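Novice: Next up is a structure, given as structure tokens.
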Amino acid sequence: MVRGRLTRPERSGRRAPVACGAVPTSPRTRFEEGCARGVLLYQADASGPVFPPRMGIDDWRESAGLGTVHSTTWVRPRDGEPRNIALVDLDEGFRMMSRVDAGEVTIGLRVRVRFDGADHIPVFVPA
Amino acid sequence: MTPPEALLAIVGAAESDLGAVADGITPVDLMAQATARALEDAGLEAGDLDGVLAASTQVPMASLSLSAALGARPRFFDGTNVGGSSFMAHLRHAAAAIGAGQCSVAVIAHGSTQRLVGRSSASVQEVAWWEAPYEPALPVTAYALAAARHMHEFGTTREQLAEVAVAAREWARLNPAAWSRDPLAIEDVLAAPLVADPLGVRDCCLVNDGGAAVVVCSPERARSLGRPHVLVLGAGEASTHRHISEMPDLVRTAAVASGGEAFAQAGVGPQEMDLALLYDAFTITPLLFLEDLGFCAKGEGGAFVEGGRTRPGGDFPMNTNGGGLSYCHPGMYGLLMLVEAVRQLRGECGGRQVPDAALAVAHGNGGVLSSQCTAVLARA
């Protein structure tokens, strides 16, 4: 099993990012800054809500953080505790991967976002 | 009705050594070994090759590495890597290249030593930053999420999923090259430790070393070789997402599009297939593809496989080599499916031969249900 990386790769140089037509803030940074202040951000374009955050969409919106579990599993490492992985459909109409902190997690469960730990990771609890 | 002109002919097909290979063997060694065997099968030599198509999770420039190992000087190469389905896509790309005169005889090859070197280094997962914080064990988590949703929407059961694994094992027991040949019952699958609910260890494919190659050329050239060959009547490739949280609908894959295009081009439908090779990385995948390719209605995949109808002797021969679940899964399994299709259509499969097989579909899957590539094949 390959675990996800929790932190960003170290920057190899000291130079600040400079690009032609510079993008001042990456979509990831913008999203994570929202989490750090307790707000779940998503984007919207002509087709509707957009997630995950991507380049070229300037319409950022704040989610109310309420949603429904679309699917869920428990990953069971041979040498560790099971951990929940869920896909959550937010009421605004976008879907994200997350975790639901509850003993039992079922499809259809209503959930509310909270921001976990020093990295302010968006996770969910029963609403 | 006159059948449509075939896109391409497969004139040689071979496995490399499979299972667990010796220390020091590389993925390119296995590609080259399989290519030599496929060329021999075709009655051709490495000097006849002017197109090289290859993919391996361990060899980013696989077509160049294989060319060097063969001493080939290709004028066409393609290293498309969309996961396990890459090789059905290669068939289509080779057909286009040969049709455009960019090459005349091409090899499509794969090799993996993921068992030897360890899966985590052989298949480095592209983890998206928006999924990484939750540590999804990939790829199994993605397939578990699709399976859980399929069960929720359609009432699919773990027993129905287990039937896919048991049928694969029954076929593998007829295949001397298969890795897992011990008896396997539904109860064994259900009792195996869970990896990611609802998928247990026996719902997940093998982790093997292995490789394969097929040699392709125009149908005209194939006829001039005067050996048994197989025609590619139609092919399609499609994708809806890369990461599972981006998948528009967890229970509807891009196989609807790739299969639709492949069957339309072939001028034959799913009901006319004598056998189906449907990528079985996990037990949920053949159920999705039975539905999405049109063998049954959406949601009925579980009921479709019940009663052993896809096992040997059943009325729907599926994954007749034993599949990725019991025969061999070297990280990217699609090319071994094409080898099996060729052998079935040439009537060379001995105890597992589907009687009088004339038409087959081989459907590959890559990533986390991300790429779907379909090929419709016929006995020449």
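The chains in the structure tokens are called A, B, ... from first to last as shown; in each chain the residues are counted from 1, and the ligands are counted from 1 in the order shown.
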Chain A: which residues are strand (DSSP E) by DSSP, as a PyMOL selection string?
Specialist: chain A and resi 40-45+48-50+60-63+66-75+83-90+95-98+110-116+121-126
Novice: Give the residues of chain A that lie within 10 Å of chain B; count only C-alpha atoms, and format the answer as a VMD selection string.
Specialist: chain A and resid 1 to 8 28 31 to 32 50 to 53 70 to 78 82 to 88 94 to 99 106 to 108 119 121 to 123
Novice: Considering only C-alpha atoms, return as a VMD selection string whatever protein or nucleic-acid residues lie within 12 Å of Val82 (chain B), sequence-local ones (same chain, fewer than 5 positions apart) excluded.
Specialist: chain B and resid 54 to 57 87 to 90 237 to 239 241 to 242 332 to 334 364 to 373
Novice: Write a file of the selected residues as a short mmCIF file (atom, residue, chain, number, x, y, z; two decimals), in the first residue's frame, keeping N, CA, C and O atoms.
Specialist:
```
data_model
loop_
_atom_site.label_atom_id
_atom_site.label_comp_id
_atom_site.auth_asym_id
_atom_site.auth_seq_id
_atom_site.Cartn_x
_atom_site.Cartn_y
_atom_site.Cartn_z
N ALA B 54 5.39 0.37 -26.19
CA ALA B 54 5.63 -0.32 -24.92
C ALA B 54 5.28 0.59 -23.76
O ALA B 54 5.32 1.81 -23.87
N ALA B 55 4.91 -0.04 -22.65
CA ALA B 55 4.64 0.69 -21.42
C ALA B 55 4.97 -0.19 -20.24
O ALA B 55 4.78 -1.41 -20.28
N SER B 56 5.48 0.43 -19.20
CA SER B 56 5.75 -0.25 -17.94
C SER B 56 5.81 0.81 -16.86
O SER B 56 6.37 1.89 -17.09
N THR B 57 5.25 0.52 -15.70
CA THR B 57 5.33 1.51 -14.61
C THR B 57 6.77 1.74 -14.20
O THR B 57 7.10 2.78 -13.64
N PHE B 87 -2.46 -1.18 -23.48
CA PHE B 87 -2.11 -2.00 -24.64
C PHE B 87 -3.27 -2.12 -25.62
O PHE B 87 -3.05 -2.32 -26.81
N MET B 88 -4.52 -1.98 -25.14
CA MET B 88 -5.63 -1.87 -26.07
C MET B 88 -5.53 -0.53 -26.80
O MET B 88 -5.84 -0.43 -28.00
N ALA B 89 -5.09 0.50 -26.08
CA ALA B 89 -4.87 1.80 -26.74
C ALA B 89 -3.74 1.68 -27.75
O ALA B 89 -3.83 2.22 -28.87
N HIS B 90 -2.68 0.94 -27.40
CA HIS B 90 -1.57 0.75 -28.35
C HIS B 90 -2.05 0.09 -29.64
O HIS B 90 -1.59 0.43 -30.72
N GLU B 237 -11.04 4.00 -26.95
CA GLU B 237 -10.39 4.40 -25.70
C GLU B 237 -11.12 5.62 -25.15
O GLU B 237 -11.59 6.47 -25.92
N ALA B 238 -11.27 5.69 -23.84
CA ALA B 238 -12.03 6.79 -23.23
C ALA B 238 -11.62 6.95 -21.77
O ALA B 238 -11.12 6.02 -21.14
N SER B 239 -11.83 8.15 -21.26
CA SER B 239 -11.50 8.44 -19.86
C SER B 239 -12.46 9.48 -19.31
O SER B 239 -12.91 10.37 -20.04
N HIS B 241 -11.77 10.63 -15.79
CA HIS B 241 -11.14 11.24 -14.62
C HIS B 241 -9.76 10.63 -14.44
O HIS B 241 -9.40 9.66 -15.12
N ARG B 242 -8.98 11.17 -13.52
CA ARG B 242 -7.73 10.53 -13.11
C ARG B 242 -7.86 9.95 -11.70
O ARG B 242 -7.51 8.80 -11.47
N MET B 332 0.39 -4.12 -14.90
CA MET B 332 -0.45 -3.69 -16.01
C MET B 332 -0.82 -4.97 -16.76
O MET B 332 0.01 -5.56 -17.43
N TYR B 333 -2.07 -5.36 -16.63
CA TYR B 333 -2.47 -6.71 -17.02
C TYR B 333 -3.00 -6.79 -18.46
O TYR B 333 -3.12 -7.87 -19.04
N GLY B 334 -3.31 -5.66 -19.06
CA GLY B 334 -4.06 -5.65 -20.33
C GLY B 334 -3.45 -6.45 -21.46
O GLY B 334 -4.17 -7.06 -22.25
N GLY B 364 -9.79 -3.37 -21.29
CA GLY B 364 -8.78 -2.99 -20.30
C GLY B 364 -9.20 -1.77 -19.49
O GLY B 364 -9.96 -0.91 -19.95
N ASN B 365 -8.66 -1.74 -18.27
CA ASN B 365 -8.96 -0.68 -17.31
C ASN B 365 -7.62 -0.17 -16.79
O ASN B 365 -6.70 -0.94 -16.58
N GLY B 366 -7.54 1.14 -16.56
CA GLY B 366 -6.29 1.68 -16.03
C GLY B 366 -6.53 2.74 -14.98
O GLY B 366 -7.60 3.35 -14.93
N GLY B 367 -5.51 2.93 -14.14
CA GLY B 367 -5.65 3.91 -13.06
C GLY B 367 -6.66 3.44 -12.05
O GLY B 367 -6.66 2.29 -11.63
N VAL B 368 -7.55 4.32 -11.64
CA VAL B 368 -8.62 3.96 -10.70
C VAL B 368 -9.96 4.11 -11.42
O VAL B 368 -10.69 5.06 -11.23
N LEU B 369 -10.22 3.14 -12.33
CA LEU B 369 -11.35 3.17 -13.26
C LEU B 369 -11.21 4.36 -14.21
O LEU B 369 -12.19 4.81 -14.80
N SER B 370 -9.98 4.85 -14.38
CA SER B 370 -9.76 6.12 -15.07
C SER B 370 -9.75 5.99 -16.59
O SER B 370 -10.40 6.76 -17.28
N SER B 371 -8.97 5.03 -17.10
CA SER B 371 -8.93 4.84 -18.55
C SER B 371 -9.62 3.53 -18.88
O SER B 371 -9.47 2.55 -18.17
N GLN B 372 -10.39 3.55 -19.95
CA GLN B 372 -11.11 2.36 -20.40
C GLN B 372 -10.82 2.18 -21.87
O GLN B 372 -11.05 3.09 -22.67
N CYS B 373 -10.29 1.02 -22.24
CA CYS B 373 -9.92 0.76 -23.63
C CYS B 373 -10.42 -0.62 -24.03
O CYS B 373 -10.20 -1.59 -23.30
#
```
Novice: Hey, which of A:Gly56, A:Pro49, A:Gly117, A:Gly34 ends up closest to Asp91 (chain A)? Count only C-alpha atoms.
Specialist: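 Ranking A:Gly56, A:Pro49, A:Gly117, A:Gly34 by distance to Asp91 (chain A), first place goes to A:Pro49.
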Novice: Would you give me, as a VMD selection string, the residues in chain A that DSSP reads as helix (DSSP H, G or I)?
Specialist: chain A and resid 27 to 36
Novice: Using only C-alpha atoms, pick whichever of A:Asp79, A:Met55, A:Leu66, A:Thr25 has the shortest atom-to-atom distance to Val39 (chain A).
Specialist: A:Leu66
Novice: Find the residues near Gly38 (chain A): any atom within 9 Å, counting only C-alpha atoms, skip ones fewer than 5 places away on the same chain, and give them as a PyMOL selection string.
Specialist: chain A and resi 33+114-115+120+122
Novice: Could you save the residues just selected, with all heavy atoms, as a compact mmCIF listing (two decimals), in the first residue's frame?
Specialist:
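See out15.txt below for the written result:
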```
# COMPACT_ATOMS: atom_id res chain seq x y z
N GLU A 33 -5.42 27.96 2.48
CA GLU A 33 -5.58 29.18 3.28
C GLU A 33 -7.02 29.29 3.80
O GLU A 33 -7.26 29.73 4.92
CB GLU A 33 -5.20 30.41 2.45
CG GLU A 33 -3.69 30.55 2.26
CD GLU A 33 -3.30 31.67 1.29
OE1 GLU A 33 -4.20 32.26 0.64
OE2 GLU A 33 -2.08 31.93 1.18
N ARG A 114 -15.20 19.78 9.73
CA ARG A 114 -14.40 20.47 10.74
C ARG A 114 -12.94 20.38 10.28
O ARG A 114 -12.61 19.58 9.40
CB ARG A 114 -14.60 19.87 12.13
CG ARG A 114 -14.01 18.52 12.33
CD ARG A 114 -14.16 18.04 13.79
NE ARG A 114 -13.48 16.77 13.95
CZ ARG A 114 -12.17 16.63 14.14
NH1 ARG A 114 -11.39 17.70 14.25
NH2 ARG A 114 -11.61 15.44 14.22
N PHE A 115 -12.11 21.23 10.83
CA PHE A 115 -10.74 21.33 10.33
C PHE A 115 -9.80 20.76 11.38
O PHE A 115 -9.77 21.22 12.51
CB PHE A 115 -10.43 22.78 9.94
CG PHE A 115 -11.31 23.24 8.81
CD1 PHE A 115 -12.56 23.82 9.06
CD2 PHE A 115 -10.94 23.03 7.49
CE1 PHE A 115 -13.39 24.20 8.02
CE2 PHE A 115 -11.76 23.41 6.45
CZ PHE A 115 -13.00 23.99 6.71
N HIS A 120 -4.96 21.81 9.50
CA HIS A 120 -6.35 22.21 9.22
C HIS A 120 -6.97 21.38 8.10
O HIS A 120 -7.59 21.89 7.18
CB HIS A 120 -6.42 23.69 8.86
CG HIS A 120 -5.69 24.58 9.82
ND1 HIS A 120 -6.17 24.88 11.07
CD2 HIS A 120 -4.48 25.20 9.72
CE1 HIS A 120 -5.31 25.66 11.71
NE2 HIS A 120 -4.27 25.87 10.91
N PRO A 122 -9.56 19.32 6.15
CA PRO A 122 -11.02 19.22 6.25
C PRO A 122 -11.48 17.77 6.40
O PRO A 122 -11.24 16.96 5.51
CB PRO A 122 -11.53 19.85 4.96
CG PRO A 122 -10.37 19.84 4.02
CD PRO A 122 -9.11 19.79 4.83
```
Novice: Would you pick out the contacts of region 348-361 of chain B at 6 Å or less, using only C-alpha atoms, so that residues sharing its chain but fewer than 5 positions from it are not included, and give the list as a PyMOL selection string?
Specialist: chain B and resi 174+273-276+343+375-379
Novice: Selection from above, N, CA, C and O atoms, as a PDB file, in the first residue's frame, can you write it?
Specialist:
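Dumped everything to out_19.pdb:
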```
ATOM      1  N   LEU B 174      -7.380 -24.563 -14.968  1.00  0.00           N
ATOM      2  CA  LEU B 174      -7.212 -25.200 -16.280  1.00  0.00           C
ATOM      3  C   LEU B 174      -6.025 -24.616 -17.045  1.00  0.00           C
ATOM      4  O   LEU B 174      -5.763 -25.008 -18.184  1.00  0.00           O
ATOM      5  N   MET B 273     -20.362 -11.993 -28.963  1.00  0.00           N
ATOM      6  CA  MET B 273     -19.034 -12.403 -28.489  1.00  0.00           C
ATOM      7  C   MET B 273     -19.063 -13.853 -27.989  1.00  0.00           C
ATOM      8  O   MET B 273     -19.979 -14.261 -27.287  1.00  0.00           O
ATOM      9  N   ASP B 274     -18.025 -14.613 -28.336  1.00  0.00           N
ATOM     10  CA  ASP B 274     -17.902 -15.985 -27.844  1.00  0.00           C
ATOM     11  C   ASP B 274     -17.199 -16.039 -26.499  1.00  0.00           C
ATOM     12  O   ASP B 274     -17.340 -17.009 -25.766  1.00  0.00           O
ATOM     13  N   LEU B 275     -16.386 -15.031 -26.213  1.00  0.00           N
ATOM     14  CA  LEU B 275     -15.795 -14.917 -24.878  1.00  0.00           C
ATOM     15  C   LEU B 275     -15.495 -13.458 -24.589  1.00  0.00           C
ATOM     16  O   LEU B 275     -15.389 -12.638 -25.510  1.00  0.00           O
ATOM     17  N   ALA B 276     -15.382 -13.159 -23.306  1.00  0.00           N
ATOM     18  CA  ALA B 276     -15.099 -11.794 -22.866  1.00  0.00           C
ATOM     19  C   ALA B 276     -13.939 -11.815 -21.885  1.00  0.00           C
ATOM     20  O   ALA B 276     -13.934 -12.593 -20.932  1.00  0.00           O
ATOM     21  N   ARG B 343      -4.938 -16.502 -28.398  1.00  0.00           N
ATOM     22  CA  ARG B 343      -4.830 -17.959 -28.298  1.00  0.00           C
ATOM     23  C   ARG B 343      -6.198 -18.640 -28.346  1.00  0.00           C
ATOM     24  O   ARG B 343      -6.351 -19.701 -28.969  1.00  0.00           O
ATOM     25  N   ALA B 375     -11.077  -3.621 -27.154  1.00  0.00           N
ATOM     26  CA  ALA B 375     -10.748  -4.145 -28.470  1.00  0.00           C
ATOM     27  C   ALA B 375     -11.675  -5.319 -28.791  1.00  0.00           C
ATOM     28  O   ALA B 375     -11.894  -6.179 -27.951  1.00  0.00           O
ATOM     29  N   VAL B 376     -12.214  -5.304 -30.009  1.00  0.00           N
ATOM     30  CA  VAL B 376     -13.044  -6.412 -30.497  1.00  0.00           C
ATOM     31  C   VAL B 376     -12.221  -7.183 -31.516  1.00  0.00           C
ATOM     32  O   VAL B 376     -11.719  -6.606 -32.491  1.00  0.00           O
ATOM     33  N   LEU B 377     -12.060  -8.468 -31.262  1.00  0.00           N
ATOM     34  CA  LEU B 377     -11.127  -9.295 -32.023  1.00  0.00           C
ATOM     35  C   LEU B 377     -11.862 -10.450 -32.682  1.00  0.00           C
ATOM     36  O   LEU B 377     -12.862 -10.953 -32.155  1.00  0.00           O
ATOM     37  N   ALA B 378     -11.340 -10.889 -33.828  1.00  0.00           N
ATOM     38  CA  ALA B 378     -11.983 -11.976 -34.568  1.00  0.00           C
ATOM     39  C   ALA B 378     -10.951 -12.953 -35.102  1.00  0.00           C
ATOM     40  O   ALA B 378      -9.831 -12.556 -35.465  1.00  0.00           O
ATOM     41  N   ARG B 379     -11.355 -14.197 -35.159  1.00  0.00           N
ATOM     42  CA  ARG B 379     -10.566 -15.232 -35.831  1.00  0.00           C
ATOM     43  C   ARG B 379     -10.465 -14.865 -37.306  1.00  0.00           C
ATOM     44  O   ARG B 379     -11.459 -14.484 -37.923  1.00  0.00           O
TER      45      ARG B 379
END
```
Novice: Taking 4 positions as the minimum chain separation for residues in the same chain, which residues sit within 8 Å of Asp29 (chain B) when counting only C-alpha atoms? Answer as a list in words.
Specialist: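 In the requested form, the answer reads Ile25, Gln33, Ala69 and Gly111 of chain B.
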Novice: Create the file for the chosen residues now, containing C-alpha atoms and written as an mmCIF file, in the first residue's frame.
Specialist:
```cif
data_model
loop_
_atom_site.group_PDB
_atom_site.id
_atom_site.type_symbol
_atom_site.label_atom_id
_atom_site.label_comp_id
_atom_site.auth_asym_id
_atom_site.auth_seq_id
_atom_site.Cartn_x
_atom_site.Cartn_y
_atom_site.Cartn_z
ATOM 1 C CA ILE B 25 15.875 -9.677 -14.192
ATOM 2 C CA GLN B 33 11.924 -12.092 -24.057
ATOM 3 C CA ALA B 69 17.357 -4.277 -26.157
ATOM 4 C CA GLY B 111 7.227 -6.051 -18.615
#
```
Novice: Please list as a list in words every residue within 6 Å of Leu41 (chain A), counting only C-alpha atoms and excluding residues in the same chain fewer than 3 positions away.
Specialist: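 What passes the distance filter is Phe31, Arg61, Glu62 and Ser63 of chain A.
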Novice: Output N, CA and C atoms for every residue in the selection just made, as a tab-separated table (two decimals), in the first residue's frame.
Specialist:
```
chain	number	residue	atom	x	y	z
A	31	PHE	N	-6.88	27.18	-1.47
A	31	PHE	CA	-7.78	26.26	-0.77
A	31	PHE	C	-7.30	26.06	0.67
A	61	ARG	N	-15.84	30.24	-4.01
A	61	ARG	CA	-17.01	30.38	-3.14
A	61	ARG	C	-16.81	29.63	-1.83
A	62	GLU	N	-17.56	30.02	-0.84
A	62	GLU	CA	-17.46	29.38	0.47
A	62	GLU	C	-18.59	28.36	0.63
A	63	SER	N	-18.21	27.12	0.96
A	63	SER	CA	-19.21	26.10	1.23
A	63	SER	C	-19.72	26.25	2.66
```
Novice: Expressed in Å to a single decimal, how great is the separation between CA of Ala162 (chain B) and CA of Arg252 (chain B)?
Specialist: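 That distance, rounded to one decimal, is 20.5 Å.
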Novice: With distances taken over only C-alpha atoms, which of A:Ala46, A:Ala127, A:Ala64, A:Ile57 is nearest to Val111 (chain A)?
Specialist: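 For Val111 (chain A), the nearest of the given residues is A:Ala127.
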Novice: Which is closer to Cys205 (chain B) than all the others in B:Thr240, B:Ser180, B:Thr253, B:Ser224, using only C-alpha atoms?
Specialist: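 Distance minimum relative to Cys205 (chain B) lands on B:Ser180.
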Novice: Could you state the separation of CA of Pro60 (chain B) and CA of Arg92 (chain B) in Å, given to one decimal place?
Specialist: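 Between these atoms lies a distance of 20.5 Å.
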